[in-house]
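Raw work-v6.txt, compact mmCIF, N, CA and C atoms:
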```
# COMPACT_ATOMS: atom_id res chain seq x y z
N MET Z 739 32.98 -136.41 1.94
CA MET Z 739 32.89 -136.49 0.50
C MET Z 739 32.95 -135.07 -0.08
N LEU Z 740 33.79 -134.87 -1.05
CA LEU Z 740 33.95 -133.56 -1.68
C LEU Z 740 32.90 -133.39 -2.77
N ASN Z 741 32.15 -132.29 -2.67
CA ASN Z 741 31.14 -132.00 -3.68
C ASN Z 741 31.75 -131.06 -4.71
N GLN Z 742 31.93 -131.50 -5.92
CA GLN Z 742 32.56 -130.72 -6.98
C GLN Z 742 31.64 -129.66 -7.58
N ASN Z 743 30.39 -129.58 -7.12
CA ASN Z 743 29.43 -128.66 -7.72
C ASN Z 743 29.40 -127.29 -7.07
N TYR Z 744 30.12 -127.09 -5.98
CA TYR Z 744 30.05 -125.84 -5.26
C TYR Z 744 31.42 -125.20 -5.11
N LEU Z 745 31.44 -123.89 -5.14
CA LEU Z 745 32.68 -123.16 -4.88
C LEU Z 745 32.91 -123.10 -3.39
N GLU Z 746 34.18 -123.11 -3.02
CA GLU Z 746 34.56 -122.99 -1.61
C GLU Z 746 35.65 -121.95 -1.50
N PRO Z 747 35.71 -121.24 -0.36
CA PRO Z 747 36.80 -120.28 -0.18
C PRO Z 747 38.15 -120.93 -0.47
N GLY Z 748 39.00 -120.18 -1.13
CA GLY Z 748 40.30 -120.71 -1.56
C GLY Z 748 40.30 -121.12 -3.02
N ASP Z 749 39.10 -121.36 -3.59
CA ASP Z 749 39.01 -121.71 -5.01
C ASP Z 749 39.44 -120.52 -5.86
N LEU Z 750 39.92 -120.81 -7.05
CA LEU Z 750 40.34 -119.79 -8.00
C LEU Z 750 39.17 -119.46 -8.91
N LEU Z 751 38.82 -118.18 -8.97
CA LEU Z 751 37.79 -117.71 -9.89
C LEU Z 751 38.47 -116.92 -10.99
N GLN Z 752 38.13 -117.20 -12.22
CA GLN Z 752 38.67 -116.45 -13.34
C GLN Z 752 37.55 -115.56 -13.87
N VAL Z 753 37.79 -114.26 -13.83
CA VAL Z 753 36.79 -113.30 -14.29
C VAL Z 753 37.27 -112.67 -15.58
N ILE Z 754 36.33 -112.38 -16.45
CA ILE Z 754 36.67 -111.74 -17.71
C ILE Z 754 36.63 -110.24 -17.49
N SER Z 755 37.77 -109.62 -17.65
CA SER Z 755 37.87 -108.17 -17.49
C SER Z 755 37.18 -107.50 -18.66
N PRO Z 756 36.34 -106.54 -18.36
CA PRO Z 756 35.67 -105.85 -19.46
C PRO Z 756 36.66 -105.05 -20.29
N SER Z 757 36.53 -105.15 -21.59
CA SER Z 757 37.34 -104.33 -22.47
C SER Z 757 36.41 -103.36 -23.19
N GLY Z 758 36.90 -102.24 -23.53
CA GLY Z 758 36.04 -101.25 -24.15
C GLY Z 758 35.26 -100.49 -23.09
N ARG Z 759 34.09 -100.08 -23.44
CA ARG Z 759 33.30 -99.25 -22.54
C ARG Z 759 32.32 -100.08 -21.73
N LEU Z 760 32.36 -99.92 -20.42
CA LEU Z 760 31.42 -100.60 -19.53
C LEU Z 760 30.85 -99.54 -18.60
N ARG Z 761 29.57 -99.40 -18.59
CA ARG Z 761 28.94 -98.36 -17.79
C ARG Z 761 29.11 -98.59 -16.30
N GLU Z 762 29.09 -99.83 -15.87
CA GLU Z 762 29.12 -100.14 -14.45
C GLU Z 762 30.46 -100.76 -14.04
N LEU Z 763 31.56 -100.18 -14.46
CA LEU Z 763 32.87 -100.71 -14.10
C LEU Z 763 33.05 -100.72 -12.58
N ASP Z 764 32.53 -99.70 -11.91
CA ASP Z 764 32.62 -99.64 -10.46
C ASP Z 764 31.88 -100.82 -9.83
N ALA Z 765 30.72 -101.15 -10.34
CA ALA Z 765 29.95 -102.29 -9.83
C ALA Z 765 30.70 -103.60 -10.08
N PHE Z 766 31.34 -103.72 -11.24
CA PHE Z 766 32.13 -104.91 -11.55
C PHE Z 766 33.24 -105.09 -10.52
N ASN Z 767 33.99 -104.01 -10.26
CA ASN Z 767 35.10 -104.08 -9.31
C ASN Z 767 34.61 -104.37 -7.89
N LYS Z 768 33.49 -103.82 -7.50
CA LYS Z 768 32.92 -104.11 -6.18
C LYS Z 768 32.54 -105.58 -6.07
N GLY Z 769 32.00 -106.13 -7.16
CA GLY Z 769 31.65 -107.55 -7.17
C GLY Z 769 32.87 -108.44 -7.00
N VAL Z 770 33.96 -108.09 -7.68
CA VAL Z 770 35.21 -108.84 -7.55
C VAL Z 770 35.72 -108.77 -6.11
N GLU Z 771 35.63 -107.61 -5.50
CA GLU Z 771 36.10 -107.45 -4.11
C GLU Z 771 35.25 -108.26 -3.14
N ILE Z 772 33.97 -108.43 -3.43
CA ILE Z 772 33.12 -109.28 -2.58
C ILE Z 772 33.65 -110.70 -2.60
N TRP Z 773 33.96 -111.22 -3.79
CA TRP Z 773 34.49 -112.59 -3.89
C TRP Z 773 35.81 -112.70 -3.12
N ARG Z 774 36.69 -111.71 -3.28
CA ARG Z 774 37.97 -111.73 -2.58
C ARG Z 774 37.77 -111.70 -1.07
N SER Z 775 36.85 -110.87 -0.61
CA SER Z 775 36.61 -110.75 0.83
C SER Z 775 36.05 -112.04 1.41
N ARG Z 776 35.48 -112.88 0.58
CA ARG Z 776 34.93 -114.17 1.03
C ARG Z 776 35.96 -115.29 0.94
N GLY Z 777 37.20 -114.92 0.57
CA GLY Z 777 38.28 -115.89 0.60
C GLY Z 777 38.62 -116.56 -0.72
N TYR Z 778 38.06 -116.07 -1.81
CA TYR Z 778 38.35 -116.65 -3.11
C TYR Z 778 39.53 -115.95 -3.76
N GLN Z 779 40.29 -116.70 -4.55
CA GLN Z 779 41.36 -116.12 -5.34
C GLN Z 779 40.75 -115.67 -6.66
N VAL Z 780 41.05 -114.47 -7.10
CA VAL Z 780 40.47 -113.95 -8.32
C VAL Z 780 41.57 -113.65 -9.33
N GLU Z 781 41.39 -114.17 -10.53
CA GLU Z 781 42.33 -113.94 -11.61
C GLU Z 781 41.58 -113.28 -12.76
N TYR Z 782 42.13 -112.16 -13.26
CA TYR Z 782 41.50 -111.44 -14.37
C TYR Z 782 41.95 -112.03 -15.70
N LEU Z 783 41.01 -112.23 -16.59
CA LEU Z 783 41.30 -112.63 -17.97
C LEU Z 783 40.81 -111.51 -18.86
N THR Z 784 41.63 -111.08 -19.79
CA THR Z 784 41.24 -110.03 -20.72
C THR Z 784 41.08 -110.64 -22.10
N ILE Z 785 39.90 -110.47 -22.64
CA ILE Z 785 39.61 -110.97 -23.99
C ILE Z 785 39.46 -109.77 -24.89
N THR Z 786 40.24 -109.75 -25.94
CA THR Z 786 40.19 -108.61 -26.85
C THR Z 786 39.66 -109.03 -28.20
```

Mind turning this structure into structure tokens?
Amino acid sequence: MLNQNYLEPGDLLQVISPSGRLRELDAFNKGVEIWRSRGYQVEYLTIT
């Protein structure tokens, strides 16, 4: 039985790219790389 409540490797994650000034941009990028290293597809969304 497939549980729709949990993410699984291979799932697509859409992240909102920070626009403007973000103090911890490096931390944001490291977090995205953690998801990628765990097998998730990551797509950036930019909201202006």

Extract, using only C-alpha atoms, all DNA, RNA and protein residues at most 7 Å from range 744-747 of chain Z, discarding same-chain residues fewer than 5 positions from it, and format them as a list in words. Arg776, Gly777 and Tyr778 of chain Z

Using only N, CA and C atoms, determine which residues lie at most 5 Å from Leu751 in chain Z, disregarding the query and same-chain residues fewer than 2 positions distant; provide the list as a list of chain:residue names. Z:Asp749, Z:Val753, Z:Gln779, Z:Val780, Z:Glu781

Only N, CA and C atoms, please: the residues just picked out, written as a PDB file, in the coordinates of the input.
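again.pdb, freshly written:
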```pdb
ATOM      1  N   ASP Z 749      39.100-121.360  -3.590  1.00  0.00           N
ATOM      2  CA  ASP Z 749      39.010-121.710  -5.010  1.00  0.00           C
ATOM      3  C   ASP Z 749      39.440-120.520  -5.860  1.00  0.00           C
ATOM      4  N   VAL Z 753      37.790-114.260 -13.830  1.00  0.00           N
ATOM      5  CA  VAL Z 753      36.790-113.300 -14.290  1.00  0.00           C
ATOM      6  C   VAL Z 753      37.270-112.670 -15.580  1.00  0.00           C
ATOM      7  N   GLN Z 779      40.290-116.700  -4.550  1.00  0.00           N
ATOM      8  CA  GLN Z 779      41.360-116.120  -5.340  1.00  0.00           C
ATOM      9  C   GLN Z 779      40.750-115.670  -6.660  1.00  0.00           C
ATOM     10  N   VAL Z 780      41.050-114.470  -7.100  1.00  0.00           N
ATOM     11  CA  VAL Z 780      40.470-113.950  -8.320  1.00  0.00           C
ATOM     12  C   VAL Z 780      41.570-113.650  -9.330  1.00  0.00           C
ATOM     13  N   GLU Z 781      41.390-114.170 -10.530  1.00  0.00           N
ATOM     14  CA  GLU Z 781      42.330-113.940 -11.610  1.00  0.00           C
ATOM     15  C   GLU Z 781      41.580-113.280 -12.760  1.00  0.00           C
TER      16      GLU Z 781
END
```

Atom C of Leu750 in chain Z to atom C of Ala765 in chain Z measures 18.0 Å

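Our summary of the geometry notes that CA of Asn743 in chain Z is positioned 29.4 Å from atom N of Asp764 in chain Z.
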
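From atom N of Ile754 in chain Z back to atom N of Asn767 in chain Z, the distance works out to 10.7 Å.
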